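For reference, the structure is listed below as structure tokens.
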Amino acid sequence: VAPPQRDWQLTLGGSVGFVPKYQGSSNYELRALPYVDAAYKDLVFVRGLAAGANLVNVRGPRPGDGLRMGPIVRYGFGREESDDEALRGLGDIDDAIEAGAFVSYSAGPLLADLTLVKDVADGHDGVLADAGIAWRVPLTQRMRGSVRASTTWANDTYMGNVFGISAAQSARSGMRTH
């Protein structure tokens, strides 16, 4: 007899690491971030800075295996001109609310996923696609580790707003346009 399923699942954790001060920076800072992974009946979830719903949920032969698809909303950090001297004259980029869809497939220790989102809050105004694959390994009964490779594609609007320099920014900063 299988144990009864709980309606709520909650995992709490954290991470500490040296991360760029802003996307594209060569200056790093120590940053600690909490991690929350919560799910209700394998239907809705909050994972880190994202929330979504498994509207398609085809279960596999083992617990946790299967195909999931649905809508997702996530938070994206912007940057402030005051974050670094190198940003002087470039202006701020507001934080983003990104909405879109995801698909993930899990089989045993393997997890593959794809997410496509568009900024809907006038932060970076771009479109992002994230693809990843992970190999998960149980370390103890209550702890697991994973190795993950991922990549992100961004459209021209995102790249121009985050990494480009407009004529107005060039005039304020003294940097060349690109």
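For the structure tokens, the naming scheme is as follows: chains receive sequential letters (A, B, ...) according to their order of presentation, residues are indexed from 1 within each chain, and ligands are indexed from 1 in presentation order.
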>> If we count only C-alpha atoms and set the cut-off at 12 Å, which residues sit around Asp84 of chain A, ignoring sequence neighbours fewer than 3 positions away in its own chain? Please answer as a count of residues only.
In response: 19
> What lies within 6 Å of segment 103-118 of chain A using only C-alpha atoms, ignoring chain neighbours under 6 positions off, as a list in words?
Replying inline: Asp65, Gly66, Leu67, Arg68, Met69, Gly126, Val127, Leu128, Ala129, Asp130, Ala131, Gly132, Ile133, Ala134, Trp135 and Arg136 of chain A
Could the residues in this selection be saved with N, CA and C atoms as an mmCIF file, in the first residue's frame?
```cif
data_model
loop_
_atom_site.group_PDB
_atom_site.id
_atom_site.type_symbol
_atom_site.label_atom_id
_atom_site.label_comp_id
_atom_site.auth_asym_id
_atom_site.auth_seq_id
_atom_site.Cartn_x
_atom_site.Cartn_y
_atom_site.Cartn_z
ATOM 1 N N ASP A 65 8.314 11.099 -11.813
ATOM 2 C CA ASP A 65 8.530 10.977 -13.255
ATOM 3 C C ASP A 65 7.328 11.529 -14.017
ATOM 4 N N GLY A 66 7.580 12.041 -15.213
ATOM 5 C CA GLY A 66 6.474 12.429 -16.068
ATOM 6 C C GLY A 66 6.723 13.695 -16.856
ATOM 7 N N LEU A 67 5.670 14.106 -17.548
ATOM 8 C CA LEU A 67 5.678 15.287 -18.393
ATOM 9 C C LEU A 67 4.752 16.319 -17.776
ATOM 10 N N ARG A 68 5.244 17.560 -17.653
ATOM 11 C CA ARG A 68 4.445 18.653 -17.089
ATOM 12 C C ARG A 68 4.544 19.857 -18.019
ATOM 13 N N MET A 69 3.408 20.537 -18.192
ATOM 14 C CA MET A 69 3.365 21.754 -19.004
ATOM 15 C C MET A 69 2.352 22.711 -18.405
ATOM 16 N N GLY A 126 11.823 42.227 -23.138
ATOM 17 C CA GLY A 126 12.268 41.198 -24.064
ATOM 18 C C GLY A 126 11.599 39.858 -23.877
ATOM 19 N N VAL A 127 12.055 38.911 -24.698
ATOM 20 C CA VAL A 127 11.611 37.521 -24.665
ATOM 21 C C VAL A 127 12.826 36.664 -24.348
ATOM 22 N N LEU A 128 12.642 35.696 -23.445
ATOM 23 C CA LEU A 128 13.721 34.783 -23.049
ATOM 24 C C LEU A 128 13.253 33.340 -23.189
ATOM 25 N N ALA A 129 14.152 32.476 -23.607
ATOM 26 C CA ALA A 129 13.908 31.036 -23.633
ATOM 27 C C ALA A 129 15.042 30.370 -22.867
ATOM 28 N N ASP A 130 14.701 29.594 -21.855
ATOM 29 C CA ASP A 130 15.685 28.875 -21.046
ATOM 30 C C ASP A 130 15.492 27.382 -21.270
ATOM 31 N N ALA A 131 16.578 26.666 -21.546
ATOM 32 C CA ALA A 131 16.550 25.217 -21.705
ATOM 33 C C ALA A 131 17.605 24.622 -20.789
ATOM 34 N N GLY A 132 17.263 23.510 -20.156
ATOM 35 C CA GLY A 132 18.232 22.897 -19.256
ATOM 36 C C GLY A 132 18.046 21.400 -19.139
ATOM 37 N N ILE A 133 19.089 20.766 -18.652
ATOM 38 C CA ILE A 133 19.061 19.333 -18.365
ATOM 39 C C ILE A 133 19.827 19.116 -17.072
ATOM 40 N N ALA A 134 19.298 18.257 -16.230
ATOM 41 C CA ALA A 134 19.924 18.015 -14.925
ATOM 42 C C ALA A 134 19.965 16.523 -14.645
ATOM 43 N N TRP A 135 20.965 16.141 -13.851
ATOM 44 C CA TRP A 135 21.100 14.780 -13.345
ATOM 45 C C TRP A 135 21.041 14.888 -11.831
ATOM 46 N N ARG A 136 20.015 14.305 -11.220
ATOM 47 C CA ARG A 136 19.777 14.429 -9.776
ATOM 48 C C ARG A 136 20.247 13.173 -9.055
#
```
>> At a cut-off of 10 Å, using only C-alpha atoms, what residues contact Ile97 of chain A? Leave out same-chain residues fewer than 2 positions from it and give the result as a ChimeraX atom specification.
In response: /A:50,73-77,94-95,99,117-125
Let me see the file: selected residues, N, CA and C atoms, as a PDB file, in the first residue's frame.
```pdb
ATOM      1  N   ALA A  50       9.785  31.950  -9.218  1.00  0.00           N
ATOM      2  CA  ALA A  50       8.786  31.616 -10.233  1.00  0.00           C
ATOM      3  C   ALA A  50       7.589  30.921  -9.596  1.00  0.00           C
ATOM      4  N   VAL A  73       4.940  32.371 -14.263  1.00  0.00           N
ATOM      5  CA  VAL A  73       5.229  33.783 -14.042  1.00  0.00           C
ATOM      6  C   VAL A  73       6.467  33.832 -13.166  1.00  0.00           C
ATOM      7  N   ARG A  74       7.414  34.699 -13.504  1.00  0.00           N
ATOM      8  CA  ARG A  74       8.618  34.791 -12.686  1.00  0.00           C
ATOM      9  C   ARG A  74       9.103  36.232 -12.586  1.00  0.00           C
ATOM     10  N   TYR A  75       9.927  36.446 -11.589  1.00  0.00           N
ATOM     11  CA  TYR A  75      10.468  37.764 -11.289  1.00  0.00           C
ATOM     12  C   TYR A  75      11.883  37.849 -11.826  1.00  0.00           C
ATOM     13  N   GLY A  76      12.216  38.957 -12.468  1.00  0.00           N
ATOM     14  CA  GLY A  76      13.577  39.174 -12.961  1.00  0.00           C
ATOM     15  C   GLY A  76      14.138  40.465 -12.402  1.00  0.00           C
ATOM     16  N   PHE A  77      15.332  40.396 -11.864  1.00  0.00           N
ATOM     17  CA  PHE A  77      15.978  41.575 -11.299  1.00  0.00           C
ATOM     18  C   PHE A  77      16.393  42.544 -12.400  1.00  0.00           C
ATOM     19  N   ASP A  94      14.270  48.560 -14.978  1.00  0.00           N
ATOM     20  CA  ASP A  94      13.332  48.148 -13.936  1.00  0.00           C
ATOM     21  C   ASP A  94      13.306  46.630 -13.786  1.00  0.00           C
ATOM     22  N   ASP A  95      12.902  46.177 -12.598  1.00  0.00           N
ATOM     23  CA  ASP A  95      12.676  44.754 -12.386  1.00  0.00           C
ATOM     24  C   ASP A  95      11.585  44.298 -13.354  1.00  0.00           C
ATOM     25  N   ALA A  99       6.101  36.463 -17.997  1.00  0.00           N
ATOM     26  CA  ALA A  99       5.013  35.495 -18.069  1.00  0.00           C
ATOM     27  C   ALA A  99       5.149  34.675 -19.337  1.00  0.00           C
ATOM     28  N   VAL A 117       9.368  32.948 -21.870  1.00  0.00           N
ATOM     29  CA  VAL A 117       8.683  34.039 -21.170  1.00  0.00           C
ATOM     30  C   VAL A 117       8.883  35.364 -21.890  1.00  0.00           C
ATOM     31  N   LYS A 118       7.938  36.285 -21.643  1.00  0.00           N
ATOM     32  CA  LYS A 118       7.987  37.660 -22.150  1.00  0.00           C
ATOM     33  C   LYS A 118       7.814  38.588 -20.977  1.00  0.00           C
ATOM     34  N   ASP A 119       8.613  39.653 -20.911  1.00  0.00           N
ATOM     35  CA  ASP A 119       8.443  40.655 -19.861  1.00  0.00           C
ATOM     36  C   ASP A 119       7.118  41.371 -20.092  1.00  0.00           C
ATOM     37  N   VAL A 120       6.284  41.424 -19.048  1.00  0.00           N
ATOM     38  CA  VAL A 120       4.973  42.071 -19.154  1.00  0.00           C
ATOM     39  C   VAL A 120       4.889  43.301 -18.252  1.00  0.00           C
ATOM     40  N   ALA A 121       6.010  43.741 -17.675  1.00  0.00           N
ATOM     41  CA  ALA A 121       5.993  44.858 -16.718  1.00  0.00           C
ATOM     42  C   ALA A 121       6.946  45.979 -17.115  1.00  0.00           C
ATOM     43  N   ASP A 122       7.329  46.048 -18.378  1.00  0.00           N
ATOM     44  CA  ASP A 122       8.206  47.110 -18.877  1.00  0.00           C
ATOM     45  C   ASP A 122       9.548  47.175 -18.155  1.00  0.00           C
ATOM     46  N   GLY A 123      10.095  46.018 -17.805  1.00  0.00           N
ATOM     47  CA  GLY A 123      11.441  45.974 -17.245  1.00  0.00           C
ATOM     48  C   GLY A 123      12.449  45.967 -18.376  1.00  0.00           C
ATOM     49  N   HIS A 124      12.681  44.800 -18.958  1.00  0.00           N
ATOM     50  CA  HIS A 124      13.597  44.683 -20.095  1.00  0.00           C
ATOM     51  C   HIS A 124      12.848  44.592 -21.419  1.00  0.00           C
ATOM     52  N   ASP A 125      11.545  44.355 -21.387  1.00  0.00           N
ATOM     53  CA  ASP A 125      10.668  44.297 -22.567  1.00  0.00           C
ATOM     54  C   ASP A 125      11.007  43.176 -23.535  1.00  0.00           C
TER      55      ASP A 125
END
```
> What is the distance, in Å and to one decimal place, between atom CA of Thr177 of chain A and atom CA of Phe163 of chain A?
Replying inline: 10.5 Å
>> When DSSP is applied to the backbone of this structure, which of segment 55-107 of chain A are assigned helix (DSSP H, G or I)? Write them out as a PyMOL selection string.
In response: chain A and resi 81-83+85-87
>> To test your reading of the structure, identify every residue in segment 3-177 of chain A that backbone DSSP assigns to strand (DSSP E), and report it as a ChimeraX atom specification.
In response: /A:8-20,28-40,44-47,50-53,56-59,66-76,96-107,110-119,127-138,144-154
>> Let me make sure I understand: among A:Gly52, A:Pro34, A:Gly78, A:Gly60, which one has the smallest atom-to-atom distance to Ile93 of chain A if we use only C-alpha atoms?
In response: A:Gly78
> What is the atom CA of Val36 of chain A to atom CA of Gly13 of chain A distance in Å?
Replying inline: 6.5 Å
>> Between atom CA of Thr11 of chain A and atom CA of Val46 of chain A, what distance in Å does the model show, to one decimal?
In response: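 If I compute the distance from atom CA of Thr11 of chain A to atom CA of Val46 of chain A, I get 10.3 Å.
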> In terms of the shortest atom-to-atom distance over only C-alpha atoms, which of A:Pro63, A:Glu85, A:Leu30, A:Ala96 is closest to Leu49 of chain A?
Replying inline: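 Going through A:Pro63, A:Glu85, A:Leu30, A:Ala96 one by one, the smallest distance to Leu49 of chain A is for A:Ala96.
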